[in-house]
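Student: Pasting input_22.cif below, which is mmCIF, C-alpha atoms and all ligand atoms.
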```cif
data_structure
#
loop_
_atom_site.label_atom_id
_atom_site.label_comp_id
_atom_site.auth_asym_id
_atom_site.auth_seq_id
_atom_site.Cartn_x
_atom_site.Cartn_y
_atom_site.Cartn_z
CA MET N 284 25.29 4.36 -12.97
CA ARG N 285 23.22 7.29 -14.28
CA LEU N 286 21.25 9.35 -11.77
CA LEU N 287 18.22 9.40 -14.06
CA GLU N 288 16.92 6.78 -16.43
CA THR N 289 13.82 7.16 -18.55
CA PHE N 290 11.80 4.19 -19.80
CA GLU N 291 9.09 4.01 -22.42
CA ASP N 292 6.41 3.06 -19.89
CA GLY N 293 5.71 1.61 -16.45
CA ALA N 294 6.19 -1.94 -17.66
CA ALA N 295 9.72 -1.29 -18.94
CA LEU N 296 10.53 0.68 -15.78
CA SER N 297 9.31 -2.16 -13.56
CA GLN N 298 11.32 -4.72 -15.49
CA ALA N 299 14.48 -2.63 -15.06
CA ALA N 300 13.74 -2.07 -11.37
CA GLY N 301 13.24 -5.80 -10.93
CA THR N 302 16.55 -6.61 -12.54
CA GLU N 303 18.28 -4.06 -10.29
CA PHE N 304 16.53 -5.49 -7.22
CA VAL N 305 17.88 -8.95 -8.04
CA ALA N 306 21.40 -7.63 -8.65
CA LEU N 307 21.43 -5.63 -5.41
CA ALA N 308 19.98 -8.53 -3.43
CA THR N 309 22.57 -10.95 -4.79
CA ALA N 310 25.45 -8.56 -4.04
CA ALA N 311 24.23 -7.83 -0.49
CA ILE N 312 23.67 -11.50 0.34
CA ASP N 313 27.13 -12.37 -1.02
CA ALA N 314 28.73 -9.53 0.95
CA ARG N 315 26.78 -9.56 4.23
CA GLY N 316 24.62 -12.66 4.26
CA ARG N 317 21.32 -10.77 3.95
CA PHE N 318 19.52 -8.10 1.94
CA THR N 319 17.52 -5.48 3.79
CA VAL N 320 14.95 -3.60 1.71
CA ALA N 321 12.34 -0.93 2.52
CA LEU N 322 9.29 -1.26 0.29
CA SER N 323 7.27 1.71 -0.88
CA GLY N 324 3.52 2.07 -0.99
CA GLY N 325 1.44 3.49 -3.80
CA SER N 326 0.55 2.01 -7.17
CA THR N 327 3.83 2.38 -9.09
CA PRO N 328 5.80 -0.35 -7.29
CA ARG N 329 2.94 -2.87 -7.40
CA ARG N 330 3.98 -4.08 -10.86
CA LEU N 331 7.55 -4.42 -9.62
CA TYR N 332 6.38 -6.56 -6.69
CA GLU N 333 4.35 -8.75 -9.04
CA LEU N 334 7.36 -9.20 -11.34
CA LEU N 335 9.54 -10.18 -8.37
CA ALA N 336 6.94 -12.80 -7.41
CA THR N 337 7.02 -14.34 -10.89
CA PRO N 338 9.70 -16.38 -12.68
CA PRO N 339 12.41 -15.67 -13.69
CA LEU N 340 13.01 -12.92 -11.09
CA ARG N 341 11.32 -14.88 -8.31
CA ASP N 342 13.78 -17.74 -8.75
CA ALA N 343 16.81 -15.43 -8.91
CA VAL N 344 16.59 -14.27 -5.29
CA ASP N 345 17.36 -16.22 -2.09
CA TRP N 346 14.20 -14.91 -0.37
CA GLY N 347 15.17 -16.63 2.87
CA ARG N 348 17.89 -14.01 3.21
CA VAL N 349 15.77 -10.98 2.35
CA GLU N 350 14.50 -8.84 5.22
CA PHE N 351 11.53 -6.56 4.48
CA PHE N 352 10.87 -3.14 5.98
CA TRP N 353 8.59 -0.29 4.87
CA GLY N 354 9.24 3.35 4.05
CA ASP N 355 5.85 4.37 5.38
CA GLU N 356 2.41 3.11 6.35
CA ARG N 357 -1.08 4.45 6.55
CA ALA N 358 -3.03 4.57 9.84
CA VAL N 359 -4.97 1.41 8.98
CA PRO N 360 -4.80 -2.28 9.91
CA PRO N 361 -2.88 -4.66 7.65
CA GLU N 362 -6.00 -6.09 6.06
CA HIS N 363 -7.28 -2.63 5.05
CA PRO N 364 -7.17 -1.93 1.26
CA ASP N 365 -5.02 1.17 1.93
CA SER N 366 -2.34 -0.75 3.82
CA ASN N 367 1.10 -0.59 2.19
CA TYR N 368 2.02 -3.80 3.97
CA GLY N 369 -1.19 -5.44 2.73
CA ALA N 370 -0.51 -4.41 -0.87
CA ALA N 371 3.04 -5.81 -0.76
CA ALA N 372 1.88 -8.98 0.97
CA ALA N 373 -0.68 -9.66 -1.75
CA ALA N 374 1.65 -8.78 -4.66
CA LEU N 375 4.86 -10.36 -3.36
CA LEU N 376 5.30 -11.58 0.21
CA ASP N 377 2.51 -14.18 0.25
CA LYS N 378 3.57 -15.44 -3.19
CA ILE N 379 7.21 -16.03 -2.22
CA GLY N 380 6.27 -17.35 1.21
CA ALA N 381 8.27 -14.70 3.05
CA ALA N 382 9.12 -15.84 6.59
CA PRO N 383 7.17 -13.72 9.14
CA SER N 384 10.40 -13.25 11.11
CA LEU N 385 11.82 -11.41 8.08
CA VAL N 386 8.81 -9.16 7.49
CA HIS N 387 8.74 -6.04 9.68
CA ARG N 388 5.58 -4.05 9.07
CA MET N 389 4.75 -0.72 10.70
CA ARG N 390 1.74 -1.12 13.02
CA GLY N 391 -0.61 1.37 11.35
CA GLU N 392 -3.47 -0.03 13.40
CA ASP N 393 -1.99 1.28 16.66
CA PRO N 394 -4.25 4.06 17.98
CA ASP N 395 -1.05 5.72 19.22
CA LEU N 396 1.08 6.26 16.08
CA ASP N 397 3.87 7.92 18.10
CA ARG N 398 4.19 4.67 20.02
CA ALA N 399 4.03 2.66 16.77
CA ALA N 400 6.82 4.81 15.31
CA ARG N 401 8.99 4.36 18.43
CA ASP N 402 8.32 0.61 18.38
CA TYR N 403 9.36 0.46 14.72
CA GLN N 404 12.62 2.24 15.49
CA LEU N 405 13.25 -0.36 18.21
CA THR N 406 12.49 -3.12 15.70
CA ILE N 407 15.00 -1.71 13.22
CA ALA N 408 17.63 -1.27 15.95
CA ARG N 409 17.08 -4.86 17.11
CA ARG N 410 17.43 -6.26 13.60
CA PHE N 411 20.67 -4.33 13.12
CA GLU N 412 21.86 -4.94 16.69
CA ILE N 413 22.53 -1.25 17.25
CA ASP N 414 21.57 1.42 19.79
CA PRO N 415 18.06 2.74 19.04
CA GLU N 416 19.14 6.16 20.28
CA GLY N 417 22.15 6.28 17.97
CA PRO N 418 22.52 7.05 14.25
CA PRO N 419 20.31 5.08 11.83
CA PRO N 420 21.56 1.94 10.06
CA ALA N 421 22.05 1.53 6.32
CA LEU N 422 19.32 -0.43 4.58
CA ASP N 423 20.63 -2.09 1.43
CA LEU N 424 17.80 -0.81 -0.77
CA ILE N 425 15.09 1.77 -0.21
CA LEU N 426 12.30 1.95 -2.79
CA LEU N 427 10.47 5.26 -2.95
CA GLY N 428 7.84 6.96 -5.07
CA MET N 429 6.89 10.60 -5.52
CA GLY N 430 3.43 12.07 -5.32
CA PRO N 431 2.22 14.87 -7.63
CA ASP N 432 2.72 17.19 -4.62
CA GLY N 433 6.39 16.21 -4.36
CA HIS N 434 6.03 14.01 -1.27
CA THR N 435 7.96 10.79 -0.83
CA ALA N 436 7.30 8.07 1.71
CA SER N 437 4.94 10.01 4.00
CA LEU N 438 7.06 13.14 4.08
CA PHE N 439 4.41 15.61 2.93
CA PRO N 440 4.85 19.30 2.08
CA ALA N 441 5.04 21.60 5.13
CA SER N 442 4.63 18.61 7.46
CA PRO N 443 6.38 18.32 10.88
CA ALA N 444 8.45 15.27 9.91
CA LEU N 445 10.45 17.27 7.36
CA LYS N 446 12.44 18.87 10.16
CA GLU N 447 13.24 15.61 11.99
CA ARG N 448 17.02 15.15 12.22
CA ARG N 449 17.38 12.58 15.01
CA ARG N 450 14.61 9.96 14.97
CA TRP N 451 14.53 7.30 12.25
CA VAL N 452 10.74 6.81 12.27
CA VAL N 453 7.98 9.26 13.20
CA ARG N 454 4.25 9.82 13.06
CA ASN N 455 3.48 12.49 10.46
CA HIS N 456 0.41 14.44 9.45
CA ALA N 457 -0.68 14.68 5.83
CA ALA N 458 -2.75 17.89 5.89
CA ARG N 459 -3.98 17.47 2.31
CA LEU N 460 -5.29 14.01 3.17
CA GLY N 461 -6.39 14.94 6.69
CA ALA N 462 -4.66 11.78 7.82
CA ASP N 463 -1.79 10.63 10.01
CA ARG N 464 0.89 8.27 8.76
CA ILE N 465 4.05 6.53 10.02
CA THR N 466 7.15 7.32 7.98
CA LEU N 467 10.89 6.83 7.85
CA THR N 468 12.60 10.20 8.16
CA ALA N 469 15.17 11.85 5.89
CA PRO N 470 18.08 10.85 8.21
CA MET N 471 17.00 7.19 7.98
CA LEU N 472 16.27 7.26 4.24
CA ASN N 473 19.53 9.03 3.40
CA GLN N 474 21.54 6.35 5.20
CA GLY N 475 20.47 3.79 2.58
CA ARG N 476 23.13 2.09 0.44
CA ASP N 477 20.91 2.25 -2.65
CA LEU N 478 17.79 4.34 -3.13
CA ARG N 479 15.51 4.00 -6.14
CA LEU N 480 12.83 6.63 -6.84
CA LEU N 481 10.21 5.15 -9.18
CA VAL N 482 8.10 7.87 -10.80
CA THR N 483 5.51 7.35 -13.52
CA GLY N 484 2.66 9.30 -15.01
CA ALA N 485 2.05 12.64 -16.74
CA ASP N 486 0.53 14.02 -13.53
CA LYS N 487 4.06 14.09 -12.05
CA ALA N 488 5.86 15.80 -14.96
CA GLU N 489 5.53 19.40 -13.75
CA THR N 490 6.50 18.53 -10.17
CA LEU N 491 9.43 16.40 -11.34
CA LYS N 492 10.80 19.34 -13.35
CA ALA N 493 10.51 21.59 -10.28
CA VAL N 494 12.21 18.96 -8.11
CA LEU N 495 15.11 18.24 -10.45
CA GLU N 496 15.61 21.50 -12.29
CA GLY N 497 14.17 24.14 -9.98
CA PRO N 498 15.53 25.71 -6.78
CA ALA N 499 15.88 23.73 -3.57
CA ASP N 500 12.62 24.04 -1.64
CA PRO N 501 12.17 20.84 0.39
CA GLU N 502 9.38 22.31 2.53
CA ARG N 503 7.32 22.50 -0.67
CA LEU N 504 8.95 19.53 -2.44
CA PRO N 505 9.96 17.03 0.26
CA VAL N 506 11.46 14.52 -2.19
CA GLN N 507 14.33 17.03 -2.50
CA LEU N 508 15.34 15.89 1.01
CA ILE N 509 16.46 12.59 -0.55
CA ALA N 510 20.23 12.95 -0.85
CA PRO N 511 22.05 9.80 0.34
CA THR N 512 25.04 10.50 2.60
CA SER N 513 27.15 7.85 0.85
CA GLY N 514 24.67 5.65 -0.99
CA HIS N 515 23.54 5.63 -4.61
CA LEU N 516 20.31 7.35 -5.68
CA ARG N 517 18.72 6.60 -9.03
CA TRP N 518 15.51 7.97 -10.49
CA LEU N 519 13.62 5.52 -12.71
CA LEU N 520 11.10 7.49 -14.77
CA ASP N 521 8.65 6.72 -17.47
CA ARG N 522 8.50 8.96 -20.52
CA ALA N 523 5.29 10.64 -19.36
CA ALA N 524 6.76 11.70 -16.00
CA ALA N 525 9.99 12.87 -17.65
CA ALA N 526 8.20 14.85 -20.40
CA ASP N 527 9.02 18.32 -19.00
CA LEU N 528 12.66 17.65 -18.15
CA LYS N 529 15.44 19.23 -20.20
CA ALA N 530 16.28 17.01 -23.17
CA GLY N 531 18.72 14.26 -22.42
CA ALA N 532 17.91 14.11 -18.73
C1 LIG H 1 2.29 5.83 -0.06
C2 LIG H 1 3.66 5.91 -0.65
C3 LIG H 1 3.79 7.24 -1.32
C4 LIG H 1 3.88 6.96 -2.80
C5 LIG H 1 3.59 8.20 -3.59
C6 LIG H 1 3.55 7.87 -5.08
O1 LIG H 1 2.14 5.40 1.08
O2 LIG H 1 1.37 6.17 -0.82
O3 LIG H 1 4.65 5.60 0.18
O4 LIG H 1 4.88 7.99 -0.90
O5 LIG H 1 5.17 6.46 -3.11
O6 LIG H 1 2.35 8.70 -3.17
O7 LIG H 1 2.50 6.97 -5.29
P1 LIG H 1 2.26 6.31 -6.74
O8 LIG H 1 3.51 5.56 -7.04
O9 LIG H 1 1.05 5.45 -6.55
O10 LIG H 1 2.04 7.46 -7.67
#
```
Please express what this file holds, its structure, as structure tokens.
Tutor:
Amino acid sequence: MRLLETFEDGAALSQAAGTEFVALATAAIDARGRFTVALSGGSTPRRLYELLATPPLRDAVDWGRVEFFWGDERAVPPEHPDSNYGAAAAALLDKIGAAPSLVHRMRGEDPDLDRAARDYQLTIARRFEIDPEGPPPALDLILLGMGPDGHTASLFPASPALKERRRWVVRNHAARLGADRITLTAPMLNQGRDLRLLVTGADKAETLKAVLEGPADPERLPVQLIAPTSGHLRWLLDRAAAADLKAGA
């Protein structure tokens, strides 16, 4: 599988991502009886979620064996328009009738986000029946995006979470937004079996070139931290985001 794939536009990218989601879900369920996926926030994946909630893709997945997690969450309640959980619930989870026991949202409404992050790590450990103080588990699929500033999940440039090497989930501060978030950390993300970075839009082209073709500088470009220990990373790009990459990328 190629590391990078460029599509004409967001619609074609979402269709390809949806087909991959179904293939990965089917393989995981066949192999291990369930498919664990971390959803991303932002606008790019919304079309993917809507495609997954619509035939034929909706009917190609045994949703009763899919377990949902999140890569990050804003410091808002689930019904808030900025909630990543809320966006995924509206676009996908409510439409497929996801069982609440299989939907594990980060509690962005908790006034103590450090506690919410610790609680989420305990939730993950419980679902994988492992020690919450040990190494992170491998999610089957982790969906990620990239901001124009090179952040992914809520790992923002020069933010404290970039240095986290032990915890799986932490509170992080997004200085540019003046806001706190909850985010999976690089150790947790890089344990994933399959990671898909969905990047669209001309406003990302310059950053994407720096990330993929420039020097390593993860403090400035946190998405460069994404380097799976043994899993498969693929970048799904639209033509506009890939415009500055060397030809044939
Ligand atoms: C979030 C996301 C974030 C997102 C990027 C890209 O909470 O906003 O997790 O990391 O993936 O900001 O967002 P777009 O896909 O909307 O450009």
Student: Please report the interatomic distance between atom CA of Arg398 of chain N and atom C1 of ligand LIG 1 (chain H) in Å with one decimal.
Tutor: 20.2 Å
Student: Box for segment 431-440 of chain N: with edges along x, y and z, all listed atoms inside and 4 Å added on each side, what are the centre and edge lengths in Å to one decimal, as AutoDock Vina command-line options?
Tutor:
```
--center_x 5.1 --center_y 13.7 --center_z -1.8 --size_x 13.7 --size_y 19.2 --size_z 19.7
```
Student: Residues within 9 Å of ligand LIG 1 (chain H) should be enumerated using all atoms listed in the file and returned as a ChimeraX atom specification.
Tutor: /N:322-329,353-357,365-367,426-439,464,466,480-484,486-487
Student: Would you mind telling me which residue in N:Asn473, N:Thr337, N:Thr490, N:Gln404 lies nearest to Trp451 of chain N when using all atoms listed in the file?
Tutor: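 Counting all atoms listed in the file, the residue closest to Trp451 of chain N is N:Gln404.
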Student: Find the distance between atom CA of Arg348 of chain N and atom CA of Ala308 of chain N and write it in Å to one decimal.
Tutor: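 If I compute the distance from atom CA of Arg348 of chain N to atom CA of Ala308 of chain N, I get 8.9 Å.
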Student: At what distance in Å, to one decimal, does atom CA of Ala510 of chain N lie from atom CA of Leu340 of chain N?
Tutor: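 Atom CA of Ala510 of chain N lies at a distance of 28.7 Å from atom CA of Leu340 of chain N.
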